[in-house]
$ cat my_file24.cif   # mmCIF, C-alpha atoms and all ligand atoms
data_entry
loop_
_atom_site.label_atom_id
_atom_site.label_comp_id
_atom_site.auth_asym_id
_atom_site.auth_seq_id
_atom_site.Cartn_x
_atom_site.Cartn_y
_atom_site.Cartn_z
CA MET A 1 42.25 9.94 -20.51
CA PRO A 2 39.74 7.08 -20.82
CA LEU A 3 36.88 7.08 -18.35
CA SER A 4 38.15 5.98 -14.97
CA ARG A 5 36.79 5.89 -11.45
CA GLN A 6 39.02 8.87 -10.72
CA HIS A 7 36.63 11.02 -12.75
CA PHE A 8 34.00 10.26 -10.10
CA PRO A 9 33.94 11.65 -6.54
CA SER A 10 36.42 9.70 -4.43
CA ASN A 11 33.61 8.39 -2.19
CA PHE A 12 31.39 7.26 -5.08
CA LEU A 13 30.18 3.76 -4.27
CA TRP A 14 30.66 0.96 -6.81
CA GLY A 15 28.74 -2.27 -6.34
CA THR A 16 26.80 -5.09 -7.88
CA ALA A 17 23.32 -6.45 -7.23
CA THR A 18 21.24 -9.63 -7.11
CA ALA A 19 17.93 -10.83 -5.66
CA SER A 20 17.04 -13.83 -3.51
CA PHE A 21 14.67 -15.75 -5.78
CA GLN A 22 16.91 -15.19 -8.79
CA ILE A 23 20.11 -16.72 -7.36
CA GLU A 24 19.62 -18.61 -4.08
CA GLY A 25 17.95 -21.90 -5.00
CA ALA A 26 17.51 -24.12 -1.90
CA ALA A 27 13.79 -23.46 -2.35
CA HIS A 28 12.76 -26.15 0.16
CA GLU A 29 15.66 -25.91 2.57
CA ASP A 30 16.02 -24.74 6.19
CA GLY A 31 12.37 -23.94 6.67
CA ARG A 32 11.69 -21.86 3.54
CA LEU A 33 8.09 -22.17 2.32
CA PRO A 34 6.79 -21.39 -1.19
CA SER A 35 6.56 -17.85 -2.52
CA ILE A 36 4.22 -16.61 -5.23
CA TRP A 37 7.06 -17.15 -7.70
CA ASP A 38 7.34 -20.85 -6.82
CA THR A 39 3.61 -21.06 -7.54
CA PHE A 40 3.89 -18.98 -10.73
CA CYS A 41 6.73 -21.14 -12.10
CA ALA A 42 4.56 -24.23 -11.61
CA GLU A 43 1.80 -22.78 -13.82
CA PRO A 44 2.36 -24.09 -17.39
CA GLY A 45 3.39 -21.42 -19.89
CA ARG A 46 4.28 -18.73 -17.37
CA ILE A 47 8.07 -19.13 -17.69
CA SER A 48 9.43 -19.18 -21.26
CA ASP A 49 11.86 -22.07 -20.65
CA GLY A 50 9.67 -23.87 -18.12
CA SER A 51 12.26 -23.34 -15.35
CA ASN A 52 11.93 -22.33 -11.70
CA GLY A 53 13.97 -21.13 -8.72
CA ASP A 54 14.50 -24.52 -7.06
CA VAL A 55 18.27 -24.45 -7.76
CA ALA A 56 19.00 -21.20 -9.65
CA CYS A 57 22.68 -20.32 -9.03
CA ASP A 58 22.77 -22.46 -5.86
CA HIS A 59 23.94 -19.31 -4.11
CA TYR A 60 22.47 -20.54 -0.84
CA HIS A 61 25.32 -23.08 -0.72
CA ARG A 62 27.94 -21.21 -2.77
CA TRP A 63 27.62 -17.76 -1.20
CA GLU A 64 31.20 -17.69 0.13
CA GLN A 65 32.62 -18.32 -3.37
CA ASP A 66 30.32 -15.64 -4.75
CA LEU A 67 31.41 -13.10 -2.13
CA ASP A 68 35.03 -13.92 -3.02
CA LEU A 69 34.18 -13.07 -6.63
CA ILE A 70 32.78 -9.66 -5.61
CA GLN A 71 35.93 -8.97 -3.59
CA SER A 72 38.20 -10.09 -6.45
CA LEU A 73 36.61 -7.48 -8.72
CA GLY A 74 37.34 -4.66 -6.31
CA LEU A 75 33.67 -3.81 -5.78
CA SER A 76 32.98 -2.21 -2.39
CA ALA A 77 29.21 -2.82 -2.11
CA TYR A 78 26.74 -5.62 -2.70
CA ARG A 79 22.98 -5.19 -3.00
CA PHE A 80 20.97 -8.33 -2.30
CA SER A 81 17.45 -9.12 -1.19
CA ILE A 82 16.09 -11.03 1.78
CA ALA A 83 13.59 -13.83 1.10
CA TRP A 84 10.54 -13.21 3.28
CA PRO A 85 9.61 -16.93 2.89
CA ARG A 86 12.85 -17.83 4.72
CA ILE A 87 12.31 -15.38 7.58
CA ILE A 88 8.57 -15.69 8.34
CA PRO A 89 7.64 -18.62 6.06
CA THR A 90 3.88 -18.29 6.53
CA GLY A 91 4.06 -14.51 6.07
CA THR A 92 2.97 -13.68 9.60
CA GLY A 93 3.71 -15.30 12.95
CA ALA A 94 6.55 -17.71 13.60
CA ILE A 95 10.09 -16.57 12.81
CA ASN A 96 12.39 -19.10 11.14
CA GLU A 97 15.77 -18.62 12.86
CA ALA A 98 17.58 -20.71 10.23
CA GLY A 99 16.50 -18.17 7.62
CA LEU A 100 17.80 -15.24 9.65
CA ASP A 101 21.02 -17.16 10.33
CA PHE A 102 21.73 -17.46 6.58
CA TYR A 103 21.60 -13.69 6.07
CA ASP A 104 23.51 -13.09 9.29
CA ARG A 105 26.38 -15.19 7.91
CA LEU A 106 26.10 -13.47 4.54
CA VAL A 107 26.33 -9.98 6.08
CA ASP A 108 29.28 -10.96 8.26
CA GLY A 109 30.95 -12.55 5.23
CA LEU A 110 30.60 -9.34 3.27
CA ILE A 111 31.96 -7.20 6.09
CA ALA A 112 34.90 -9.59 6.54
CA ARG A 113 35.72 -8.99 2.85
CA GLY A 114 35.45 -5.22 3.11
CA ILE A 115 32.19 -5.15 1.11
CA GLN A 116 29.24 -3.02 2.27
CA PRO A 117 25.93 -4.97 2.61
CA HIS A 118 22.94 -3.20 1.06
CA VAL A 119 19.63 -4.97 1.68
CA THR A 120 16.39 -4.97 -0.28
CA LEU A 121 13.64 -6.21 2.00
CA TYR A 122 11.23 -7.18 -0.80
CA HIS A 123 12.28 -8.27 -4.26
CA TRP A 124 9.04 -9.99 -5.29
CA ASP A 125 9.04 -13.32 -3.38
CA LEU A 126 5.86 -12.88 -1.32
CA PRO A 127 4.99 -15.88 0.91
CA GLN A 128 2.27 -17.81 -0.89
CA THR A 129 0.24 -18.04 2.31
CA LEU A 130 -0.24 -14.26 2.16
CA GLN A 131 -1.27 -14.44 -1.49
CA ASP A 132 -3.87 -17.00 -0.41
CA ARG A 133 -5.27 -14.19 1.76
CA GLY A 134 -5.33 -11.65 -1.08
CA GLY A 135 -1.64 -10.78 -1.25
CA TRP A 136 -0.84 -7.12 -1.83
CA GLU A 137 -4.48 -6.44 -2.77
CA ASN A 138 -5.20 -7.01 0.91
CA ARG A 139 -4.26 -3.98 3.04
CA ASP A 140 -3.31 -6.34 5.89
CA THR A 141 -0.26 -7.44 3.89
CA ALA A 142 1.23 -3.97 4.34
CA TYR A 143 1.17 -4.49 8.10
CA ALA A 144 2.62 -7.99 7.76
CA PHE A 145 5.45 -6.50 5.69
CA ALA A 146 6.26 -3.95 8.41
CA ASP A 147 6.45 -6.75 10.99
CA TYR A 148 8.74 -8.77 8.70
CA ALA A 149 10.96 -5.74 7.99
CA ALA A 150 11.36 -5.06 11.70
CA VAL A 151 12.40 -8.68 12.36
CA VAL A 152 15.11 -8.50 9.67
CA ALA A 153 16.45 -5.11 10.73
CA ALA A 154 16.47 -6.08 14.40
CA ARG A 155 18.71 -9.05 13.58
CA LEU A 156 21.00 -7.50 10.91
CA GLY A 157 21.06 -4.04 12.47
CA ASP A 158 23.42 -1.38 11.23
CA ARG A 159 25.91 -3.88 9.91
CA VAL A 160 23.74 -3.25 6.85
CA LYS A 161 24.59 0.09 5.23
CA SER A 162 21.17 0.60 3.68
CA TYR A 163 17.72 -0.97 3.74
CA ALA A 164 15.43 -0.51 0.74
CA THR A 165 11.84 -1.45 1.49
CA PHE A 166 10.85 -2.45 -2.06
CA ASN A 167 12.38 -3.21 -5.39
CA GLU A 168 10.39 -1.76 -8.30
CA PRO A 169 6.81 -1.25 -7.05
CA TRP A 170 5.76 -0.75 -10.69
CA CYS A 171 6.71 -4.38 -11.41
CA VAL A 172 5.03 -5.67 -8.23
CA SER A 173 1.80 -3.82 -9.04
CA ILE A 174 1.33 -3.07 -12.76
CA LEU A 175 3.55 -5.71 -14.45
CA SER A 176 2.23 -8.41 -12.07
CA ASN A 177 -1.45 -7.47 -11.71
CA GLU A 178 -2.45 -5.41 -14.78
CA ILE A 179 -0.17 -6.67 -17.53
CA GLY A 180 0.10 -10.09 -15.90
CA HIS A 181 3.62 -11.13 -16.97
CA HIS A 182 4.85 -11.56 -13.39
CA ALA A 183 3.47 -13.35 -10.34
CA PRO A 184 0.62 -13.64 -9.47
CA GLY A 185 -0.22 -12.98 -13.16
CA LYS A 186 -3.49 -11.04 -12.87
CA GLN A 187 -4.86 -8.68 -15.54
CA ASP A 188 -6.94 -6.31 -13.49
CA ARG A 189 -6.12 -2.58 -13.31
CA LYS A 190 -8.17 -2.00 -10.15
CA ALA A 191 -6.27 -4.80 -8.42
CA ALA A 192 -2.95 -3.39 -9.70
CA LEU A 193 -3.66 0.09 -8.34
CA ALA A 194 -4.76 -1.34 -5.00
CA VAL A 195 -1.47 -3.27 -4.87
CA ALA A 196 0.51 -0.12 -5.71
CA HIS A 197 -1.21 1.79 -2.93
CA HIS A 198 -0.63 -0.96 -0.37
CA LEU A 199 3.05 -1.01 -1.35
CA HIS A 200 3.24 2.73 -0.72
CA LEU A 201 1.53 2.20 2.63
CA ALA A 202 3.81 -0.76 3.47
CA HIS A 203 6.85 1.36 2.63
CA GLY A 204 5.69 3.98 5.14
CA LEU A 205 4.77 1.50 7.85
CA ALA A 206 8.13 -0.24 7.52
CA LEU A 207 10.04 3.07 7.54
CA SER A 208 8.39 3.96 10.86
CA ARG A 209 9.35 0.59 12.36
CA LEU A 210 12.95 0.81 11.11
CA ARG A 211 13.33 4.42 12.26
CA ALA A 212 12.26 3.29 15.74
CA LEU A 213 15.31 0.96 15.82
CA ASN A 214 17.62 4.01 15.63
CA LEU A 215 19.88 2.37 13.07
CA THR A 216 22.70 4.24 11.35
CA SER A 217 21.69 2.48 8.12
CA GLN A 218 20.25 4.58 5.29
CA LEU A 219 16.57 3.85 4.63
CA GLY A 220 14.93 4.18 1.23
CA ILE A 221 13.20 2.52 -1.70
CA VAL A 222 14.18 1.37 -5.20
CA LEU A 223 12.10 2.45 -8.22
CA ASN A 224 12.50 1.33 -11.81
CA LEU A 225 12.14 4.50 -13.86
CA THR A 226 11.87 4.72 -17.63
CA PRO A 227 12.08 8.20 -19.16
CA ALA A 228 9.49 8.60 -21.92
CA TYR A 229 10.48 10.36 -25.16
CA PRO A 230 7.84 11.39 -27.75
CA ALA A 231 8.66 9.99 -31.19
CA THR A 232 7.94 13.37 -32.75
CA ASP A 233 7.13 16.83 -31.47
CA ASN A 234 3.48 16.53 -32.42
CA GLU A 235 0.77 16.92 -29.81
CA ALA A 236 -0.40 13.31 -29.89
CA ASP A 237 3.10 11.94 -29.25
CA ARG A 238 3.86 14.45 -26.52
CA THR A 239 0.56 13.65 -24.79
CA ALA A 240 1.24 9.92 -25.05
CA ALA A 241 4.73 10.37 -23.58
CA THR A 242 3.38 12.42 -20.67
CA LEU A 243 0.85 9.66 -19.96
CA ALA A 244 3.55 6.97 -20.10
CA ASP A 245 5.75 8.97 -17.74
CA GLY A 246 2.85 9.54 -15.38
CA LYS A 247 1.73 5.90 -15.23
CA GLY A 248 5.22 4.42 -15.12
CA ASN A 249 7.20 6.94 -13.11
CA ARG A 250 5.19 9.67 -11.34
CA TRP A 251 2.55 7.23 -9.96
CA PHE A 252 5.37 5.86 -7.79
CA LEU A 253 7.66 8.88 -7.36
CA ASP A 254 4.97 11.32 -6.23
CA PRO A 255 3.43 9.36 -3.31
CA ILE A 256 6.94 8.66 -1.94
CA LEU A 257 8.50 12.10 -2.52
CA LYS A 258 5.47 14.43 -2.61
CA GLY A 259 2.81 12.59 -0.56
CA GLN A 260 0.26 12.65 -3.40
CA TYR A 261 -0.76 10.78 -6.52
CA PRO A 262 -0.24 12.72 -9.76
CA HIS A 263 -3.51 14.51 -10.50
CA ASP A 264 -3.44 14.03 -14.28
CA ILE A 265 -3.08 10.26 -13.95
CA TRP A 266 -5.60 10.07 -11.09
CA GLU A 267 -8.12 11.68 -13.45
CA HIS A 268 -6.99 9.51 -16.38
CA TYR A 269 -7.61 6.28 -14.47
CA GLY A 270 -11.08 7.22 -13.27
CA ALA A 271 -13.07 6.35 -10.16
CA GLU A 272 -13.84 2.69 -10.98
CA VAL A 273 -10.21 1.58 -10.65
CA LEU A 274 -8.71 4.09 -8.21
CA PRO A 275 -7.36 2.78 -4.90
CA ASN A 276 -8.97 3.34 -1.52
CA VAL A 277 -6.63 5.90 0.07
CA LEU A 278 -7.30 6.24 3.80
CA PRO A 279 -6.45 9.37 5.82
CA GLY A 280 -2.79 9.25 6.83
CA ASP A 281 -1.72 6.74 4.19
CA LEU A 282 0.19 9.21 2.03
CA GLU A 283 1.68 11.02 5.00
CA LEU A 284 3.13 7.64 6.06
CA ALA A 285 4.28 6.84 2.52
CA SER A 286 6.07 10.16 2.07
CA GLN A 287 8.09 10.16 5.26
CA PRO A 288 11.63 11.38 4.59
CA ILE A 289 13.98 8.79 3.12
CA ASP A 290 17.77 8.82 3.19
CA PHE A 291 18.18 7.55 -0.37
CA LEU A 292 16.28 6.80 -3.55
CA GLY A 293 17.46 3.82 -5.61
CA VAL A 294 16.94 4.19 -9.36
CA ASN A 295 16.92 1.16 -11.64
CA TYR A 296 17.54 2.27 -15.22
CA TYR A 297 17.71 0.04 -18.30
CA SER A 298 16.37 2.02 -21.22
CA ARG A 299 13.96 4.69 -22.34
CA ALA A 300 10.42 4.51 -23.67
CA PHE A 301 10.17 5.76 -27.28
CA VAL A 302 6.50 6.80 -27.41
CA SER A 303 4.58 7.19 -30.64
CA ALA A 304 0.82 7.66 -30.89
CA GLY A 305 1.08 6.82 -34.58
CA GLY A 306 3.14 3.63 -34.37
CA LYS A 307 6.44 5.24 -35.43
CA THR A 308 9.38 2.95 -34.62
CA LEU A 309 13.03 3.52 -33.82
CA PRO A 310 15.32 3.95 -36.83
CA GLU A 311 17.34 1.25 -38.55
CA GLY A 312 20.64 0.70 -36.78
CA THR A 313 19.27 1.23 -33.28
CA GLU A 314 21.13 -1.00 -30.81
CA TYR A 315 19.17 -3.40 -28.60
CA THR A 316 20.08 -5.78 -25.79
CA ASP A 317 18.95 -9.42 -25.71
CA MET A 318 15.81 -8.26 -23.91
CA GLY A 319 14.89 -6.15 -26.94
CA TRP A 320 15.54 -2.98 -24.91
CA GLU A 321 17.07 -0.04 -26.76
CA VAL A 322 20.61 0.82 -25.67
CA TYR A 323 20.14 4.49 -24.75
CA PRO A 324 22.72 5.68 -22.21
CA GLU A 325 21.72 9.34 -22.59
CA GLY A 326 18.40 8.45 -21.00
CA LEU A 327 20.14 7.80 -17.69
CA ARG A 328 21.56 11.30 -17.50
CA ASP A 329 18.32 12.87 -18.70
CA LEU A 330 16.36 10.91 -16.09
CA LEU A 331 18.64 11.85 -13.19
CA VAL A 332 18.73 15.53 -14.19
CA ARG A 333 14.93 15.56 -14.43
CA LEU A 334 14.56 13.98 -10.99
CA HIS A 335 16.92 16.61 -9.59
CA ARG A 336 14.83 19.34 -11.24
CA ASP A 337 11.37 18.07 -10.28
CA TYR A 338 11.82 16.57 -6.80
CA GLN A 339 13.39 17.30 -3.43
CA LEU A 340 15.87 14.43 -3.63
CA PRO A 341 17.75 12.50 -0.97
CA ASP A 342 20.97 10.78 -2.00
CA LEU A 343 20.49 8.91 -5.29
CA TYR A 344 21.99 5.54 -6.16
CA ILE A 345 21.76 3.73 -9.46
CA THR A 346 20.73 0.47 -7.80
CA GLU A 347 20.49 -1.41 -11.10
CA ASN A 348 21.87 -0.88 -14.57
CA GLY A 349 23.11 -3.59 -16.90
CA ALA A 350 22.30 -5.60 -19.99
CA ALA A 351 21.44 -9.08 -21.16
CA TYR A 352 23.40 -10.51 -24.07
CA PRO A 353 23.56 -14.10 -25.42
CA ASP A 354 26.89 -14.85 -23.73
CA VAL A 355 28.78 -18.08 -24.40
CA VAL A 356 31.99 -19.52 -22.98
CA SER A 357 34.49 -19.48 -25.86
CA GLU A 358 37.07 -22.14 -26.75
CA ASP A 359 39.60 -20.23 -24.63
CA GLY A 360 37.34 -20.65 -21.60
CA GLN A 361 36.55 -16.94 -21.48
CA VAL A 362 33.34 -14.98 -22.10
CA HIS A 363 34.06 -12.17 -24.54
CA ASP A 364 31.06 -9.97 -23.82
CA GLY A 365 32.34 -6.81 -25.52
CA GLU A 366 28.80 -5.43 -25.96
CA ARG A 367 28.23 -5.49 -22.22
CA THR A 368 31.53 -3.72 -21.56
CA GLN A 369 30.51 -1.06 -24.09
CA TYR A 370 27.07 -0.78 -22.46
CA LEU A 371 28.58 -0.29 -19.00
CA GLN A 372 31.18 2.21 -20.19
CA ARG A 373 28.54 4.35 -21.89
CA HIS A 374 26.22 4.28 -18.88
CA PHE A 375 29.05 5.08 -16.49
CA GLN A 376 29.79 8.12 -18.67
CA SER A 377 26.12 9.14 -18.53
CA ALA A 378 26.17 8.77 -14.74
CA LEU A 379 29.26 10.97 -14.60
CA ASP A 380 27.51 13.57 -16.77
CA ALA A 381 24.71 13.63 -14.19
CA VAL A 382 27.16 14.02 -11.29
CA GLN A 383 28.82 16.89 -13.13
CA ALA A 384 25.36 18.44 -13.65
CA GLY A 385 24.97 18.55 -9.87
CA VAL A 386 22.79 15.48 -9.35
CA PRO A 387 23.34 14.00 -5.84
CA LEU A 388 24.32 10.63 -7.28
CA LYS A 389 26.32 8.65 -4.72
CA GLY A 390 26.80 5.23 -6.23
CA TYR A 391 26.16 2.67 -8.94
CA PHE A 392 25.34 -1.05 -8.72
CA VAL A 393 25.79 -3.24 -11.81
CA TRP A 394 22.93 -5.62 -12.51
CA SER A 395 23.92 -8.36 -12.06
CA LEU A 396 26.78 -10.17 -10.33
CA LEU A 397 25.67 -13.53 -11.76
CA ASP A 398 23.63 -14.78 -14.68
CA ASN A 399 20.41 -15.73 -12.93
CA PHE A 400 16.67 -16.49 -13.13
CA GLU A 401 15.27 -13.64 -15.23
CA TRP A 402 11.64 -14.06 -14.13
CA ALA A 403 9.29 -14.92 -17.02
CA PHE A 404 12.35 -15.47 -19.25
CA GLY A 405 13.76 -18.11 -16.92
CA TYR A 406 17.47 -18.71 -17.51
CA SER A 407 17.34 -17.69 -21.18
CA LYS A 408 18.61 -14.17 -20.53
CA ARG A 409 22.05 -13.53 -19.11
CA PHE A 410 22.61 -10.24 -17.21
CA GLY A 411 25.63 -11.34 -15.19
CA ILE A 412 29.14 -9.97 -15.30
CA VAL A 413 29.93 -13.50 -14.17
CA HIS A 414 28.74 -16.38 -16.37
CA VAL A 415 26.98 -19.31 -14.70
CA ASP A 416 26.94 -22.78 -16.27
CA TYR A 417 23.69 -24.02 -14.71
CA ALA A 418 24.54 -27.67 -15.40
CA THR A 419 27.75 -27.50 -13.38
CA GLN A 420 27.29 -24.22 -11.43
CA LYS A 421 30.73 -23.19 -12.70
CA ARG A 422 31.28 -19.46 -12.50
CA THR A 423 33.32 -17.74 -15.26
CA VAL A 424 34.29 -14.08 -14.85
CA LYS A 425 33.29 -12.36 -18.10
CA ASP A 426 35.48 -9.84 -19.93
CA SER A 427 33.10 -7.09 -18.76
CA ALA A 428 33.92 -7.95 -15.14
CA LEU A 429 37.64 -7.89 -15.92
CA TRP A 430 37.18 -4.47 -17.50
CA LEU A 431 35.21 -3.34 -14.43
CA ARG A 432 37.98 -4.59 -12.16
CA ASP A 433 40.54 -2.54 -14.09
CA PHE A 434 38.21 0.48 -14.16
CA LEU A 435 37.94 0.31 -10.37
CA ARG A 436 41.65 -0.15 -9.77
CA VAL A 437 43.13 3.15 -8.61
CA PRO A 438 46.78 3.31 -9.63
CA THR A 439 49.00 3.36 -6.56
CA PRO A 440 51.04 6.58 -6.49
CA ALA A 441 54.55 6.05 -7.87
O1 LIG A 501 15.27 -7.27 -15.94
C1 LIG A 501 16.50 -7.12 -15.29
C2 LIG A 501 16.26 -6.80 -13.82
N1 LIG A 501 15.40 -5.64 -13.71
N2 LIG A 501 15.11 -5.21 -12.39
C3 LIG A 501 14.68 -6.28 -11.47
C4 LIG A 501 15.55 -7.53 -11.59
O2 LIG A 501 15.03 -8.56 -10.76
C5 LIG A 501 15.65 -7.96 -13.04
O3 LIG A 501 16.43 -9.15 -13.17
#
$ encode --input "my_file24.cif" --output "structure tokens" --more "lines below"
Ligand SMILES: OC[C@H]1NNC[C@@H](O)[C@@H]1O
Amino acid sequence: MPLSRQHFPSNFLWGTATASFQIEGAAHEDGRLPSIWDTFCAEPGRISDGSNGDVACDHYHRWEQDLDLIQSLGLSAYRFSIAWPRIIPTGTGAINEAGLDFYDRLVDGLIARGIQPHVTLYHWDLPQTLQDRGGWENRDTAYAFADYAAVVAARLGDRVKSYATFNEPWCVSILSNEIGHHAPGKQDRKAALAVAHHLHLAHGLALSRLRALNLTSQLGIVLNLTPAYPATDNEADRTAATLADGKGNRWFLDPILKGQYPHDIWEHYGAEVLPNVLPGDLELASQPIDFLGVNYYSRAFVSAGGKTLPEGTEYTDMGWEVYPEGLRDLLVRLHRDYQLPDLYITENGAAYPDVVSEDGQVHDGERTQYLQRHFQSALDAVQAGVPLKGYFVWSLLDNFEWAFGYSKRFGIVHVDYATQKRTVKDSALWLRDFLRVPTPA
């Protein structure tokens, strides 16, 4: 019998995901003020196609049509992020009711369609005014985030099934402040590690504020995790893979789940760049969470000697190896090494150079294959005893793919940015059929 949802636990949650800056547009509407990504897009050369989030998928105006699309596919959950610059446009202080009203309508629209709302409180669009005061390098921003989180949760309440504090702290800290490919585009390891620590602190501060609201919503965080595989079994490759795993995964998993930074990486970094950890910070950061979101795309193939993947390896349009087995391996390892809450795959998906064919359809067979193989890997993890409770496809819509602009398409629904026409791709039609449970004869 081909893979079907009936192979999964009957209460396994199937959803799709987006993020505010990537789809909303309406960048200057209803009180929103600039985020660091508006600023970053305006810096020449930062975005490969020179685009920005001013219009994006115009979801701010088309959200009802987009929720209808989610419902038509039979998905029962939708993960989206709240734009801090809509809620408290200057980062601290005055609340913008029009911003809260938009998400209020969105949440009610989801519930009316039988779709569970799952909120990410921060998916990278920091108010620029806070960046002007040091951004996440400034410890004060962690406290501002907790205030913002409390405002959102007080308004949306437990209509929202889960609140994740952050999406991908590794991207917010390392990719954005050490590597420099994302906003604010710094290349400073000390700054990056200070940012990472303040995110861990902010996560803890916000958890405390949300717990105090006595919501029934699950509270957690979303980490992008990339399992590292040594290219060979030699010592140099295995050491390099352990380092990659420590810097990319354990530096974020351990403070949240174990209340400590990994010792080997702490020593590796050295005193000049290490963050200033104050007493109580890690106790706050490692408060119990109800769920851990895992964003998985591929593995890291680590070679100290420059060995590359073999001929015939499959890649997505992002140049990421298609490696479904890595999802199972990752989840089984998490289950082995950590005391886990419920796990959700909060993002998994692929970019391919999709086009609308003569017949008006988008025949994205590679994406259907990718999803099928990763669903199977998720099922393997469930059958291995991993407490995996759900899976969100990234993404509902083609959207603004950060430094790649609109040149990479991750959606199961195609967006023609000139007309804003949505076209359900073949992969979404397959997903709809996969989710359809045959009615008993
Ligand atoms: O690169 C694909 C996705 N990865 N995780 C964060 C999202 O914002 C990205 O679009």
$ atom_distance --input "my_file24.cif" --atom1 "CA of Asp125 in chain A" --atom2 "CA of Ile174 in chain A"
15.9 Å
$ residues_near_ligand --input "my_file24.cif" --ligand "ligand LIG 501 (chain A)" --cutoff "9 Å" --atoms "all atoms listed in the file" --output "list in words"
Ala17, Thr18, Ala19, Phe21, Gln22, His123, Trp124, Asn167, Glu168, Cys171, Asn224, Asn295, Tyr296, Tyr297, Met318, Glu347, Asn348, Gly349, Ala350, Ala351, Trp394, Ser395, Asn399, Phe400, Glu401, Trp402, Lys408 and Phe410 of chain A
$ residues_around --input "my_file24.cif" --residues "Gln361 in chain A" --least-positions-apart "4" --cutoff "10 Å" --atoms "all atoms listed in the file" --output "PDB file with C-alpha atoms, in the frame of the given file"
ATOM      1  CA  VAL A 355      28.780 -18.080 -24.400  1.00  0.00           C
ATOM      2  CA  VAL A 356      31.990 -19.520 -22.980  1.00  0.00           C
ATOM      3  CA  SER A 357      34.490 -19.480 -25.860  1.00  0.00           C
ATOM      4  CA  HIS A 414      28.740 -16.380 -16.370  1.00  0.00           C
ATOM      5  CA  THR A 423      33.320 -17.740 -15.260  1.00  0.00           C
ATOM      6  CA  VAL A 424      34.290 -14.080 -14.850  1.00  0.00           C
ATOM      7  CA  LYS A 425      33.290 -12.360 -18.100  1.00  0.00           C
ATOM      8  CA  ASP A 426      35.480  -9.840 -19.930  1.00  0.00           C
TER       9      ASP A 426
END
$ closest_residue --input "my_file24.cif" --among "A:Ser427, A:Ser176, A:Ser72, A:Thr141" --to "Phe40 in chain A" --atoms "all atoms listed in the file"
A:Ser176
$ residues_near_point --input "my_file24.cif" --point "(15.2, -11.7, 8.6)" --cutoff "10 Å" --atoms "all atoms listed in the file" --output "list in words"
Ile82, Ala83, Trp84, Pro85, Arg86, Ile87, Ile88, Ile95, Asn96, Glu97, Ala98, Gly99, Leu100, Asp101, Phe102, Tyr103, Asp104, Leu121, Tyr148, Ala149, Ala150, Val151, Val152, Ala153, Ala154, Arg155 and Leu156 of chain A
$ atom_distance --input "my_file24.cif" --atom1 "CA of Arg211 in chain A" --atom2 "CA of Gly385 in chain A"
28.7 Å
$ atom_distance --input "my_file24.cif" --atom1 "CA of Glu321 in chain A" --atom2 "CA of Leu292 in chain A"
24.2 Å
$ closest_residue --input "my_file24.cif" --among "A:Asp359, A:Glu24, A:Asp58, A:Asp30" --to "Tyr417 in chain A" --atoms "all atoms listed in the file"
A:Asp58
$ residues_near_point --input "my_file24.cif" --point "(6.9, 4.0, -30.0)" --cutoff "12 Å" --atoms "all atoms listed in the file" --output "ChimeraX atom specification"
/A:228-232,236-238,240-241,244,299-310,321
$ closest_residue --input "my_file24.cif" --among "A:Ala27, A:Ile221, A:Leu213, A:Leu193" --to "Gly248 in chain A" --atoms "all atoms listed in the file"
A:Leu193
$ closest_atom_pairs --input "my_file24.cif" --of "range 175-256 of chain A" --to "range 157-166 of chain A" --cutoff "10 Å" --atoms "only C-alpha atoms" --output "Markdown table"
| residue | atom | partner | partner_atom | distance |
| --- | --- | --- | --- | --- |
| A:Leu199 | CA | A:Phe166 | CA | 8.0 |
| A:His200 | CA | A:Phe166 | CA | 9.3 |
| A:Ala202 | CA | A:Thr165 | CA | 8.3 |
| A:His203 | CA | A:Thr165 | CA | 5.8 |
| A:Gly204 | CA | A:Thr165 | CA | 9.0 |
| A:Leu205 | CA | A:Thr165 | CA | 10.0 |
| A:Ala206 | CA | A:Thr165 | CA | 7.2 |
| A:Leu207 | CA | A:Thr165 | CA | 7.8 |
| A:Leu210 | CA | A:Tyr163 | CA | 9.0 |
| A:Leu213 | CA | A:Gly157 | CA | 8.3 |
| A:Asn214 | CA | A:Asp158 | CA | 9.1 |
| A:Leu215 | CA | A:Asp158 | CA | 5.5 |
| A:Thr216 | CA | A:Asp158 | CA | 5.7 |
| A:Ser217 | CA | A:Lys161 | CA | 4.7 |
| A:Gln218 | CA | A:Ser162 | CA | 4.4 |
| A:Leu219 | CA | A:Tyr163 | CA | 5.0 |
| A:Gly220 | CA | A:Ala164 | CA | 4.7 |
| A:Ile221 | CA | A:Ala164 | CA | 4.5 |
| A:Val222 | CA | A:Phe166 | CA | 6.0 |
| A:Leu223 | CA | A:Phe166 | CA | 8.0 |
$ residues_around --input "my_file24.cif" --residues "Leu130 in chain A" --least-positions-apart "5" --cutoff "8 Å" --atoms "all atoms listed in the file" --output "list of chain:residue names"
A:Thr90, A:Gly91, A:Gly135, A:Thr141
$ closest_residue --input "my_file24.cif" --among "A:Ala441, A:Ala378, A:Gly74, A:Arg328" --to "Pro9 in chain A" --atoms "all atoms listed in the file"
A:Ala378
$ closest_residue --input "my_file24.cif" --among "A:Gly185, A:Pro255, A:Pro227, A:Gly360" --to "Lys421 in chain A" --atoms "all atoms listed in the file"
A:Gly360
$ residues_around --input "my_file24.cif" --residues "Asp337 in chain A" --least-positions-apart "2" --cutoff "12 Å" --atoms "all atoms listed in the file" --output "list of chain:residue names"
A:Arg250, A:Leu253, A:Asp254, A:Leu257, A:Lys258, A:Leu330, A:Leu331, A:Val332, A:Arg333, A:Leu334, A:His335, A:Gln339, A:Leu340, A:Val386
